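Colleague: So that you have it, the file is coords23.cif, and it contains mmCIF, C-alpha atoms and all ligand atoms:
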```cif
data_final
#
loop_
_atom_site.group_PDB
_atom_site.id
_atom_site.type_symbol
_atom_site.label_atom_id
_atom_site.label_comp_id
_atom_site.auth_asym_id
_atom_site.auth_seq_id
_atom_site.Cartn_x
_atom_site.Cartn_y
_atom_site.Cartn_z
ATOM 1 C CA MET B 1 9.208 -9.377 -6.805
ATOM 2 C CA ARG B 2 8.595 -7.898 -3.361
ATOM 3 C CA GLU B 3 6.027 -9.530 -1.064
ATOM 4 C CA PHE B 4 3.384 -7.712 0.972
ATOM 5 C CA TYR B 5 1.007 -9.437 3.335
ATOM 6 C CA VAL B 6 -2.315 -7.594 3.030
ATOM 7 C CA ASN B 7 -5.806 -8.569 4.187
ATOM 8 C CA GLY B 8 -5.341 -12.332 4.277
ATOM 9 C CA ALA B 9 -3.154 -12.786 1.198
ATOM 10 C CA THR B 10 0.426 -12.381 -0.001
ATOM 11 C CA LEU B 11 0.490 -9.751 -2.736
ATOM 12 C CA ARG B 12 3.505 -9.165 -4.955
ATOM 13 C CA ALA B 13 4.839 -6.176 -6.860
ATOM 14 C CA ASP B 14 7.926 -5.429 -8.896
ATOM 15 C CA VAL B 15 9.649 -2.453 -7.243
ATOM 16 C CA LEU B 16 12.366 -1.088 -9.524
ATOM 17 C CA GLY B 17 14.715 1.898 -9.374
ATOM 18 C CA GLU B 18 14.755 4.918 -7.131
ATOM 19 C CA GLY B 19 12.990 8.259 -7.435
ATOM 20 C CA ILE B 20 9.441 9.609 -7.569
ATOM 21 C CA PRO B 21 7.098 6.694 -6.786
ATOM 22 C CA LEU B 22 5.183 5.715 -9.930
ATOM 23 C CA VAL B 23 2.518 3.052 -9.361
ATOM 24 C CA LEU B 24 1.247 1.416 -12.555
ATOM 25 C CA VAL B 25 -1.787 -0.848 -12.288
ATOM 26 C CA HIS B 26 -2.581 -3.438 -14.937
ATOM 27 C CA GLY B 27 -5.891 -4.148 -16.639
ATOM 28 C CA PHE B 28 -8.084 -7.251 -16.845
ATOM 29 C CA PRO B 29 -7.079 -10.094 -17.040
ATOM 30 C CA PHE B 30 -3.399 -9.178 -17.016
ATOM 31 C CA ASP B 31 -0.552 -8.660 -14.561
ATOM 32 C CA HIS B 32 2.421 -6.351 -13.951
ATOM 33 C CA ARG B 33 4.270 -7.709 -16.993
ATOM 34 C CA MET B 34 2.224 -5.443 -19.246
ATOM 35 C CA TRP B 35 4.347 -2.511 -17.968
ATOM 36 C CA LEU B 36 7.797 -4.085 -18.365
ATOM 37 C CA PRO B 37 8.406 -2.981 -21.999
ATOM 38 C CA LEU B 38 7.696 0.581 -20.828
ATOM 39 C CA TYR B 39 10.141 0.205 -17.947
ATOM 40 C CA GLU B 40 12.780 -1.191 -20.317
ATOM 41 C CA THR B 41 12.187 1.748 -22.681
ATOM 42 C CA ALA B 42 12.688 4.172 -19.797
ATOM 43 C CA MET B 43 15.920 2.428 -18.829
ATOM 44 C CA ARG B 44 17.281 3.038 -22.338
ATOM 45 C CA ASP B 45 16.434 6.758 -22.250
ATOM 46 C CA PRO B 46 19.705 8.759 -22.234
ATOM 47 C CA CYS B 47 17.866 11.469 -20.240
ATOM 48 C CA GLY B 48 17.490 8.984 -17.385
ATOM 49 C CA ASN B 49 14.682 7.598 -15.258
ATOM 50 C CA PRO B 50 13.311 9.786 -12.451
ATOM 51 C CA PHE B 51 10.973 7.127 -11.011
ATOM 52 C CA GLN B 52 10.730 4.358 -8.488
ATOM 53 C CA TRP B 53 8.544 1.949 -10.456
ATOM 54 C CA ILE B 54 5.952 0.091 -8.367
ATOM 55 C CA LEU B 55 4.208 -2.514 -10.522
ATOM 56 C CA PRO B 56 1.746 -4.585 -8.479
ATOM 57 C CA ASP B 57 -0.031 -7.753 -9.447
ATOM 58 C CA LEU B 58 -3.568 -7.126 -8.226
ATOM 59 C CA ARG B 59 -5.032 -9.514 -5.651
ATOM 60 C CA GLY B 60 -5.525 -12.950 -7.251
ATOM 61 C CA MET B 61 -3.818 -12.026 -10.511
ATOM 62 C CA GLY B 62 -0.293 -12.665 -11.784
ATOM 63 C CA THR B 63 1.881 -13.717 -8.843
ATOM 64 C CA SER B 64 -0.393 -12.269 -6.144
ATOM 65 C CA GLU B 65 -2.479 -14.618 -4.048
ATOM 66 C CA ILE B 66 -6.106 -14.252 -3.095
ATOM 67 C CA GLN B 67 -7.663 -14.969 0.267
ATOM 68 C CA PRO B 68 -9.267 -18.445 0.545
ATOM 69 C CA GLY B 69 -12.957 -18.514 -0.336
ATOM 70 C CA ALA B 70 -12.909 -15.158 -2.146
ATOM 71 C CA GLU B 71 -15.713 -14.561 -4.632
ATOM 72 C CA VAL B 72 -15.403 -10.862 -5.497
ATOM 73 C CA SER B 73 -12.485 -8.417 -5.652
ATOM 74 C CA THR B 74 -13.906 -4.903 -5.822
ATOM 75 C CA MET B 75 -12.114 -1.887 -7.255
ATOM 76 C CA ALA B 76 -12.123 -0.476 -3.719
ATOM 77 C CA ASP B 77 -10.408 -3.668 -2.457
ATOM 78 C CA PHE B 78 -7.719 -3.236 -5.103
ATOM 79 C CA ALA B 79 -7.274 0.468 -4.255
ATOM 80 C CA ASP B 80 -6.907 -0.321 -0.556
ATOM 81 C CA ASP B 81 -4.416 -3.095 -1.353
ATOM 82 C CA ILE B 82 -2.254 -0.571 -3.180
ATOM 83 C CA ALA B 83 -2.446 1.877 -0.289
ATOM 84 C CA ALA B 84 -1.298 -0.948 2.012
ATOM 85 C CA ILE B 85 1.597 -1.791 -0.325
ATOM 86 C CA LEU B 86 2.628 1.887 -0.289
ATOM 87 C CA ASP B 87 2.461 1.838 3.523
ATOM 88 C CA GLN B 88 4.768 -1.177 3.620
ATOM 89 C CA LEU B 89 7.170 0.568 1.224
ATOM 90 C CA SER B 90 7.024 3.748 3.383
ATOM 91 C CA VAL B 91 5.782 5.672 0.342
ATOM 92 C CA ASP B 92 3.528 8.595 1.169
ATOM 93 C CA LYS B 93 2.494 9.987 -2.234
ATOM 94 C CA CYS B 94 2.711 8.512 -5.707
ATOM 95 C CA ILE B 95 1.915 9.178 -9.307
ATOM 96 C CA PHE B 96 -0.899 6.676 -9.837
ATOM 97 C CA GLY B 97 -1.319 5.165 -13.289
ATOM 98 C CA GLY B 98 -3.889 2.595 -14.324
ATOM 99 C CA LEU B 99 -4.894 0.977 -17.581
ATOM 100 C CA SER B 100 -8.532 0.061 -18.194
ATOM 101 C CA MET B 101 -9.503 -1.893 -15.045
ATOM 102 C CA GLY B 102 -6.421 -0.274 -13.507
ATOM 103 C CA GLY B 103 -8.100 3.054 -14.332
ATOM 104 C CA TYR B 104 -11.245 1.940 -12.463
ATOM 105 C CA VAL B 105 -8.926 1.260 -9.516
ATOM 106 C CA GLY B 106 -7.461 4.739 -10.058
ATOM 107 C CA TRP B 107 -10.849 6.435 -9.572
ATOM 108 C CA GLU B 108 -11.321 4.504 -6.321
ATOM 109 C CA PHE B 109 -7.782 5.288 -5.188
ATOM 110 C CA TRP B 110 -8.550 8.985 -5.762
ATOM 111 C CA ALA B 111 -11.848 8.675 -3.838
ATOM 112 C CA ARG B 112 -10.355 6.767 -0.904
ATOM 113 C CA HIS B 113 -6.729 7.937 -0.767
ATOM 114 C CA ALA B 114 -6.680 11.320 -2.548
ATOM 115 C CA ASN B 115 -4.021 12.695 -0.218
ATOM 116 C CA ARG B 116 -1.598 10.068 -1.555
ATOM 117 C CA MET B 117 -2.081 10.914 -5.229
ATOM 118 C CA LYS B 118 0.458 13.332 -6.656
ATOM 119 C CA ALA B 119 -0.809 12.876 -10.211
ATOM 120 C CA LEU B 120 -3.056 10.524 -12.145
ATOM 121 C CA ILE B 121 -2.451 8.672 -15.400
ATOM 122 C CA VAL B 122 -5.506 6.950 -16.846
ATOM 123 C CA SER B 123 -5.090 4.864 -19.984
ATOM 124 C CA ASP B 124 -7.618 3.207 -22.233
ATOM 125 C CA THR B 125 -10.334 3.304 -19.599
ATOM 126 C CA ASN B 126 -13.694 4.821 -18.741
ATOM 127 C CA ALA B 127 -15.456 6.372 -15.767
ATOM 128 C CA ASN B 128 -18.728 4.485 -16.159
ATOM 129 C CA ALA B 129 -20.469 1.694 -14.264
ATOM 130 C CA ASP B 130 -21.427 -1.492 -16.127
ATOM 131 C CA THR B 131 -24.797 -1.656 -17.868
ATOM 132 C CA PRO B 132 -27.053 -4.494 -16.590
ATOM 133 C CA ASP B 133 -26.317 -6.423 -19.787
ATOM 134 C CA GLY B 134 -22.560 -5.848 -19.443
ATOM 135 C CA ALA B 135 -22.658 -7.002 -15.823
ATOM 136 C CA LYS B 136 -24.571 -10.168 -16.778
ATOM 137 C CA LYS B 137 -21.928 -11.010 -19.397
ATOM 138 C CA ARG B 138 -19.147 -10.532 -16.846
ATOM 139 C CA TRP B 139 -20.837 -12.934 -14.418
ATOM 140 C CA GLU B 140 -21.084 -15.473 -17.251
ATOM 141 C CA THR B 141 -17.401 -14.889 -18.044
ATOM 142 C CA ALA B 142 -16.495 -15.481 -14.394
ATOM 143 C CA GLU B 143 -18.385 -18.796 -14.351
ATOM 144 C CA ARG B 144 -16.768 -19.923 -17.616
ATOM 145 C CA VAL B 145 -13.263 -18.989 -16.428
ATOM 146 C CA LEU B 146 -13.802 -21.082 -13.293
ATOM 147 C CA ARG B 147 -14.945 -24.040 -15.417
ATOM 148 C CA GLU B 148 -12.462 -23.825 -18.300
ATOM 149 C CA GLY B 149 -9.545 -21.586 -17.285
ATOM 150 C CA THR B 150 -8.464 -18.388 -19.019
ATOM 151 C CA GLY B 151 -7.418 -19.711 -22.446
ATOM 152 C CA PHE B 152 -10.716 -18.821 -24.141
ATOM 153 C CA LEU B 153 -10.326 -15.224 -22.955
ATOM 154 C CA ALA B 154 -6.890 -14.967 -24.602
ATOM 155 C CA ASP B 155 -8.399 -16.210 -27.869
ATOM 156 C CA SER B 156 -11.589 -14.146 -27.781
ATOM 157 C CA MET B 157 -10.205 -10.807 -26.566
ATOM 158 C CA ALA B 158 -7.083 -10.346 -28.717
ATOM 159 C CA GLY B 159 -8.899 -8.926 -31.740
ATOM 160 C CA ASN B 160 -10.706 -6.363 -29.601
ATOM 161 C CA LEU B 161 -7.708 -5.343 -27.519
ATOM 162 C CA LEU B 162 -4.683 -5.276 -29.807
ATOM 163 C CA ALA B 163 -4.201 -3.078 -32.872
ATOM 164 C CA PRO B 164 -4.271 -5.203 -36.062
ATOM 165 C CA GLU B 165 -0.497 -4.902 -36.501
ATOM 166 C CA ASN B 166 0.102 -6.286 -32.989
ATOM 167 C CA ASN B 167 -2.476 -9.080 -33.125
ATOM 168 C CA ARG B 168 -0.078 -11.584 -34.687
ATOM 169 C CA SER B 169 1.943 -14.344 -33.127
ATOM 170 C CA ASP B 170 5.332 -12.782 -34.027
ATOM 171 C CA SER B 171 4.547 -9.473 -32.268
ATOM 172 C CA PRO B 172 6.294 -8.992 -28.880
ATOM 173 C CA ALA B 173 3.147 -7.350 -27.476
ATOM 174 C CA PHE B 174 1.077 -10.371 -28.492
ATOM 175 C CA GLY B 175 3.518 -12.744 -26.780
ATOM 176 C CA ILE B 176 3.268 -10.895 -23.464
ATOM 177 C CA TYR B 177 -0.516 -10.512 -23.817
ATOM 178 C CA ASN B 178 -0.933 -14.230 -24.449
ATOM 179 C CA SER B 179 1.270 -15.323 -21.540
ATOM 180 C CA MET B 180 -0.396 -12.965 -19.063
ATOM 181 C CA VAL B 181 -3.930 -14.072 -19.901
ATOM 182 C CA ARG B 182 -3.258 -17.802 -20.231
ATOM 183 C CA GLU B 183 -1.155 -18.042 -17.052
ATOM 184 C CA ASN B 184 -3.567 -16.073 -14.869
ATOM 185 C CA ASN B 185 -5.333 -17.597 -11.868
ATOM 186 C CA PRO B 186 -8.963 -18.387 -12.798
ATOM 187 C CA VAL B 187 -10.172 -17.623 -9.255
ATOM 188 C CA GLY B 188 -8.534 -14.189 -9.217
ATOM 189 C CA VAL B 189 -9.779 -13.431 -12.736
ATOM 190 C CA ALA B 190 -13.346 -14.459 -11.836
ATOM 191 C CA CYS B 191 -13.238 -12.328 -8.677
ATOM 192 C CA ALA B 192 -12.006 -9.296 -10.652
ATOM 193 C CA ALA B 193 -14.684 -9.791 -13.338
ATOM 194 C CA ARG B 194 -17.381 -9.859 -10.671
ATOM 195 C CA GLY B 195 -15.782 -6.894 -8.908
ATOM 196 C CA MET B 196 -16.003 -4.774 -12.056
ATOM 197 C CA THR B 197 -19.786 -5.317 -12.109
ATOM 198 C CA GLN B 198 -19.997 -3.631 -8.709
ATOM 199 C CA ARG B 199 -17.969 -0.561 -9.603
ATOM 200 C CA ARG B 200 -19.568 2.843 -9.324
ATOM 201 C CA ALA B 201 -19.618 5.521 -12.016
ATOM 202 C CA PHE B 202 -17.216 8.429 -11.599
ATOM 203 C CA SER B 203 -18.457 10.364 -14.629
ATOM 204 C CA ASP B 204 -20.197 12.965 -12.435
ATOM 205 C CA SER B 205 -17.175 13.358 -10.129
ATOM 206 C CA LEU B 206 -14.449 13.964 -12.691
ATOM 207 C CA GLY B 207 -14.576 17.741 -12.157
ATOM 208 C CA GLU B 208 -13.432 17.143 -8.567
ATOM 209 C CA VAL B 209 -10.285 15.199 -9.526
ATOM 210 C CA ALA B 210 -8.006 18.146 -8.869
ATOM 211 C CA VAL B 211 -4.627 16.571 -9.556
ATOM 212 C CA PRO B 212 -2.430 16.884 -12.642
ATOM 213 C CA SER B 213 -3.756 14.176 -14.938
ATOM 214 C CA LEU B 214 -2.683 12.470 -18.090
ATOM 215 C CA VAL B 215 -5.243 10.657 -20.223
ATOM 216 C CA VAL B 216 -3.678 8.286 -22.743
ATOM 217 C CA GLY B 217 -5.256 6.005 -25.284
ATOM 218 C CA GLY B 218 -4.367 3.876 -28.254
ATOM 219 C CA LEU B 219 -5.408 5.235 -31.637
ATOM 220 C CA TYR B 220 -7.124 1.917 -32.440
ATOM 221 C CA ASP B 221 -8.662 1.311 -29.009
ATOM 222 C CA LYS B 222 -12.166 0.025 -29.732
ATOM 223 C CA LEU B 223 -13.249 -0.056 -26.070
ATOM 224 C CA SER B 224 -12.112 3.423 -24.967
ATOM 225 C CA THR B 225 -12.019 5.340 -28.231
ATOM 226 C CA PRO B 226 -9.974 8.515 -28.735
ATOM 227 C CA GLU B 227 -13.296 10.401 -28.960
ATOM 228 C CA TYR B 228 -14.420 9.080 -25.574
ATOM 229 C CA LEU B 229 -11.037 9.778 -23.971
ATOM 230 C CA THR B 230 -11.020 13.330 -25.377
ATOM 231 C CA ALA B 231 -14.298 13.988 -23.540
ATOM 232 C CA LEU B 232 -12.951 12.290 -20.402
ATOM 233 C CA ALA B 233 -9.876 14.549 -20.438
ATOM 234 C CA GLU B 234 -12.058 17.622 -20.949
ATOM 235 C CA ALA B 235 -14.057 16.691 -17.852
ATOM 236 C CA LEU B 236 -10.914 16.437 -15.696
ATOM 237 C CA PRO B 237 -9.794 19.880 -14.450
ATOM 238 C CA GLN B 238 -6.053 19.441 -15.076
ATOM 239 C CA ALA B 239 -5.681 16.888 -17.842
ATOM 240 C CA ILE B 240 -3.520 16.486 -20.916
ATOM 241 C CA PHE B 241 -4.777 13.970 -23.510
ATOM 242 C CA THR B 242 -2.446 12.046 -25.805
ATOM 243 C CA VAL B 243 -3.232 9.474 -28.468
ATOM 244 C CA ILE B 244 -0.675 6.710 -28.970
ATOM 245 C CA PRO B 245 -0.263 5.523 -32.564
ATOM 246 C CA GLN B 246 0.264 1.865 -33.494
ATOM 247 C CA SER B 247 -1.714 0.672 -30.512
ATOM 248 C CA GLY B 248 -5.134 -0.520 -29.463
ATOM 249 C CA HIS B 249 -6.398 -0.956 -25.894
ATOM 250 C CA LEU B 250 -2.969 -1.855 -24.479
ATOM 251 C CA ALA B 251 -1.059 1.305 -25.394
ATOM 252 C CA PRO B 252 1.955 0.986 -23.021
ATOM 253 C CA LEU B 253 2.507 -2.613 -24.109
ATOM 254 C CA GLU B 254 1.942 -2.036 -27.816
ATOM 255 C CA ASN B 255 3.900 1.198 -28.192
ATOM 256 C CA PRO B 256 6.092 1.738 -25.119
ATOM 257 C CA GLU B 257 8.296 4.351 -26.839
ATOM 258 C CA ASP B 258 5.480 6.836 -27.469
ATOM 259 C CA TYR B 259 3.900 6.033 -24.108
ATOM 260 C CA TRP B 260 7.172 6.808 -22.349
ATOM 261 C CA ASN B 261 7.342 10.178 -24.095
ATOM 262 C CA CYS B 262 3.909 10.990 -22.597
ATOM 263 C CA ILE B 263 4.993 10.083 -19.105
ATOM 264 C CA LYS B 264 8.055 12.265 -19.454
ATOM 265 C CA VAL B 265 5.780 15.241 -20.238
ATOM 266 C CA LEU B 266 3.866 14.654 -17.025
ATOM 267 C CA ASP B 267 7.128 14.214 -15.190
ATOM 268 C CA ASN B 268 8.385 17.616 -16.402
ATOM 269 C CA ASP B 269 5.079 19.310 -15.664
ATOM 270 C CA ILE B 270 4.582 18.142 -12.148
ATOM 271 C CA ILE B 271 7.956 17.227 -10.787
ATOM 272 C CA TYR B 272 10.436 19.760 -12.003
ATOM 273 C CA ARG B 273 8.402 22.932 -12.047
HETATM 274 C C1 LIG B 301 -9.283 -4.142 -19.176
HETATM 275 O O1 LIG B 301 -8.455 -4.101 -20.094
HETATM 276 O O2 LIG B 301 -8.939 -3.985 -17.998
HETATM 277 C C2 LIG B 301 -10.723 -4.417 -19.506
HETATM 278 O O3 LIG B 301 -10.988 -4.075 -20.842
HETATM 279 C C3 LIG B 301 -11.647 -3.690 -18.563
HETATM 280 C C4 LIG B 301 -13.084 -4.064 -18.756
HETATM 281 O O4 LIG B 301 -13.362 -5.215 -19.119
HETATM 282 O O5 LIG B 301 -13.966 -3.221 -18.509
#
```
Please re-express this file's structure in structure tokens.
Modeller:
Amino acid sequence: MREFYVNGATLRADVLGEGIPLVLVHGFPFDHRMWLPLYETAMRDPCGNPFQWILPDLRGMGTSEIQPGAEVSTMADFADDIAAILDQLSVDKCIFGGLSMGGYVGWEFWARHANRMKALIVSDTNANADTPDGAKKRWETAERVLREGTGFLADSMAGNLLAPENNRSDSPAFGIYNSMVRENNPVGVACAARGMTQRRAFSDSLGEVAVPSLVVGGLYDKLSTPEYLTALAEALPQAIFTVIPQSGHLAPLENPEDYWNCIKVLDNDIIYR
């Protein structure tokens, strides 16, 4: 893992390979490990890997620290952290990919650093703000995580996030899911949960996101359904939409082979034309 000192904390990211910078941002309450099966799939591809993979752990999550006394990590904070990491890597433009909360960070990265975005991949996400009821539940989740740790989240979320065939203890996706959630830092997780309550809606701005875009979602995603993601892709001016079979909300973790085939399409479209 590479280290980056940003805004009062040491952040870490896996930086792998050489090529077109591809930043992939994890969801909540995960870390960069959710992308490693995809990276390993790419490494086995006889056609090769055209990317420099930049897989950050967001502030306070995974191996990244959080500044002392932090209470909220906003999506804008996360987006600015990634811009700072790119600065320290001397990377100007990237393909920016984000899953779920990582997608919320993607909208903010587009709003704040559009000149650095070569293309956008949004997976299993939405462009909405929280409802008042949803925000209240997140604040309660944050308080409970601080009291009890993250174990209850691993138990309560699996059925909603993983496709039925992956929600079993002998599934590799389940093993990674379980480790990421259980090992996460309760302070960072609470700050991210609170930060999501403060996110703004991008639903009315999607028509302005004028970069090649890929919208990807798991066939069994209950949170960002294929129907919702179809409409999201239609609202983006330059988007391709792909459904990933055998997966729920965590498509690149649950079915890295099909997810990699999607990324290769984007790669051909925007890099080699
Ligand atoms: C995620 O996977 O990042 C979460 O489902 C996002 C959310 O809770 O809105």
Colleague: If the limit is 9 Å from any atom of ligand LIG 301 (chain B), counting all atoms listed in the file, which residues qualify? Return them as an mmCIF file with C-alpha atoms, in the coordinates of the input.
Modeller:
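Contents of the output file result_1.cif:
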```cif
data_model
loop_
_atom_site.group_PDB
_atom_site.id
_atom_site.type_symbol
_atom_site.label_atom_id
_atom_site.label_comp_id
_atom_site.auth_asym_id
_atom_site.auth_seq_id
_atom_site.Cartn_x
_atom_site.Cartn_y
_atom_site.Cartn_z
ATOM 1 C CA HIS B 26 -2.581 -3.438 -14.937
ATOM 2 C CA GLY B 27 -5.891 -4.148 -16.639
ATOM 3 C CA PHE B 28 -8.084 -7.251 -16.845
ATOM 4 C CA PRO B 29 -7.079 -10.094 -17.040
ATOM 5 C CA PHE B 30 -3.399 -9.178 -17.016
ATOM 6 C CA LEU B 99 -4.894 0.977 -17.581
ATOM 7 C CA SER B 100 -8.532 0.061 -18.194
ATOM 8 C CA MET B 101 -9.503 -1.893 -15.045
ATOM 9 C CA GLY B 102 -6.421 -0.274 -13.507
ATOM 10 C CA GLY B 103 -8.100 3.054 -14.332
ATOM 11 C CA TYR B 104 -11.245 1.940 -12.463
ATOM 12 C CA ASP B 124 -7.618 3.207 -22.233
ATOM 13 C CA THR B 125 -10.334 3.304 -19.599
ATOM 14 C CA ASN B 126 -13.694 4.821 -18.741
ATOM 15 C CA ASP B 130 -21.427 -1.492 -16.127
ATOM 16 C CA ARG B 138 -19.147 -10.532 -16.846
ATOM 17 C CA MET B 157 -10.205 -10.807 -26.566
ATOM 18 C CA LEU B 161 -7.708 -5.343 -27.519
ATOM 19 C CA ALA B 193 -14.684 -9.791 -13.338
ATOM 20 C CA MET B 196 -16.003 -4.774 -12.056
ATOM 21 C CA THR B 197 -19.786 -5.317 -12.109
ATOM 22 C CA LEU B 223 -13.249 -0.056 -26.070
ATOM 23 C CA SER B 224 -12.112 3.423 -24.967
ATOM 24 C CA HIS B 249 -6.398 -0.956 -25.894
ATOM 25 C CA LEU B 250 -2.969 -1.855 -24.479
#
```
Colleague: Would you kindly translate the PyMOL selection byres (((chain B and resi 17) around 12) and not hetatm) into the concrete residues it picks from this file, as a PDB file with C-alpha atoms, in the coordinates of the input?
Modeller:
```
ATOM      1  CA  ASP B  14       7.926  -5.429  -8.896  1.00  0.00           C
ATOM      2  CA  VAL B  15       9.649  -2.453  -7.243  1.00  0.00           C
ATOM      3  CA  LEU B  16      12.366  -1.088  -9.524  1.00  0.00           C
ATOM      4  CA  GLU B  18      14.755   4.918  -7.131  1.00  0.00           C
ATOM      5  CA  GLY B  19      12.990   8.259  -7.435  1.00  0.00           C
ATOM      6  CA  ILE B  20       9.441   9.609  -7.569  1.00  0.00           C
ATOM      7  CA  PRO B  21       7.098   6.694  -6.786  1.00  0.00           C
ATOM      8  CA  LEU B  22       5.183   5.715  -9.930  1.00  0.00           C
ATOM      9  CA  TYR B  39      10.141   0.205 -17.947  1.00  0.00           C
ATOM     10  CA  GLU B  40      12.780  -1.191 -20.317  1.00  0.00           C
ATOM     11  CA  ALA B  42      12.688   4.172 -19.797  1.00  0.00           C
ATOM     12  CA  MET B  43      15.920   2.428 -18.829  1.00  0.00           C
ATOM     13  CA  GLY B  48      17.490   8.984 -17.385  1.00  0.00           C
ATOM     14  CA  ASN B  49      14.682   7.598 -15.258  1.00  0.00           C
ATOM     15  CA  PRO B  50      13.311   9.786 -12.451  1.00  0.00           C
ATOM     16  CA  PHE B  51      10.973   7.127 -11.011  1.00  0.00           C
ATOM     17  CA  GLN B  52      10.730   4.358  -8.488  1.00  0.00           C
ATOM     18  CA  TRP B  53       8.544   1.949 -10.456  1.00  0.00           C
ATOM     19  CA  ILE B  54       5.952   0.091  -8.367  1.00  0.00           C
ATOM     20  CA  LEU B  55       4.208  -2.514 -10.522  1.00  0.00           C
TER      21      LEU B  55
END
```
Colleague: Using all atoms listed in the file, can you tell me which of B:Ala158, B:Met34, B:Leu253, B:Val23 comes closest to Asp92 (chain B)?
Modeller: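 With all atoms listed in the file as the atom set, the closest residue is B:Val23.
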Colleague: Please, which residues in region 172-250 of chain B fall within 10 Å of region 94-97 of chain B when counting all atoms listed in the file, and what is the closest atom pair and distance in Å to one decimal for each, ordered by chain then residue number, as a Markdown table?
Modeller:
```
| residue | atom | partner | partner_atom | distance |
| --- | --- | --- | --- | --- |
| B:Val211 | CA | B:Ile95 | CA | 9.9 |
| B:Pro212 | CA | B:Ile95 | CA | 9.5 |
| B:Ser213 | CA | B:Ile95 | CA | 9.4 |
| B:Leu214 | CA | B:Gly97 | CA | 8.8 |
| B:Val215 | CA | B:Gly97 | CA | 9.7 |
```
Colleague: Quick one: of B:Asp45, B:Asp221, B:Glu108, B:Glu165, who's nearest to Arg200 (chain B), counting all atoms listed in the file?
Modeller: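 That would be B:Glu108, the residue with the smallest distance to Arg200 (chain B).
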Colleague: Would you list the contacts of Lys222 (chain B) as a list in words, taking every protein, DNA or RNA residue within 9 Å and counting only C-alpha atoms, but skipping same-chain residues closer than 2 positions in sequence?
Modeller: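 Those residues are Asn160, Leu161, Gly218, Leu219, Tyr220, Ser224, Thr225, Pro226, Gly248 and His249 of chain B.
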Colleague: Let me make sure I understand: among B:Val122, B:Ala163, B:Leu146, B:Val265, which one has the smallest atom-to-atom distance to Pro186 (chain B) if we use only C-alpha atoms?
Modeller: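 With only C-alpha atoms as the atom set, the closest residue is B:Leu146.
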Colleague: Which protein, DNA or RNA residues are at most 12 Å from (-21.0, -3.9, -14.6) in the file's coordinates when you count all atoms listed in the file, listed as JSON, numbers by chain?
Modeller: {"B": [74, 75, 101, 104, 127, 128, 129, 130, 131, 132, 133, 134, 135, 136, 137, 138, 139, 140, 192, 193, 194, 195, 196, 197, 198, 199, 200, 201]}
Colleague: Residues at most 8 Å from Arg33 (chain B), counting all atoms listed in the file, excluding those fewer than 2 positions away in the same chain, as a list in words?
Modeller: Phe30, Asp31, Trp35, Leu36, Ile176 and Met180 of chain B
Colleague: Counting all atoms listed in the file, which residue out of B:Leu232, B:Met1, B:Val72, B:Val181 sits closest to Ser156 (chain B)?
Modeller: B:Val181
Colleague: Quick one: pull the distance between CA of Ala190 (chain B) and CA of Ile82 (chain B), Å, one decimal.
Modeller: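 Rounded to one decimal, the two atoms are 19.8 Å apart.
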Colleague: When distances are computed from all atoms listed in the file, which of B:Pro46, B:Val25, B:Pro252, B:Pro68 shows the smallest separation from Ala9 (chain B)?
Modeller: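 Using all atoms listed in the file, the shortest distance to Ala9 (chain B) belongs to B:Pro68.
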Colleague: Report, in Å with one decimal, the straight-line distance from CA of Phe109 (chain B) to CA of Phe78 (chain B).
Modeller: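 Distance between the two atoms: 8.5 Å.
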Colleague: Which residue out of B:Lys118, B:Arg2, B:Lys264, B:Arg182 has the minimum interatomic distance to Gln88 (chain B) when only C-alpha atoms are used?
Modeller: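 Closest to Gln88 (chain B), using only C-alpha atoms: B:Arg2.
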Colleague: What's the 9 Å shell around Asn166 (chain B), counting only C-alpha atoms, without same-chain residues fewer than 4 positions away, as a VMD selection string?
Modeller: chain B and resid 162 170 to 174 246 to 248 254
Colleague: Could you work out how far CA of Gly175 (chain B) lies from CA of Val187 (chain B), giving the answer in Å with one decimal?
Modeller: 22.8 Å
Colleague: Given the PyMOL selection byres (((chain B and resi 62) around 8) and not hetatm) and the file above, list the residues it selects as an MDAnalysis selection string.
Modeller: chainID B and resid 30:32 57:58 60:61 63:64 180 183:185
Colleague: Taking every listed atom of region 172-179 of chain B and adding 3 Å to each side, what centre and edge lengths in Å (one decimal) does the axis-aligned box have, as AutoDock Vina command-line options?
Modeller:
```
--center_x 2.7 --center_y -11.3 --center_z -25.2 --size_x 13.2 --size_y 14.0 --size_z 13.3
```
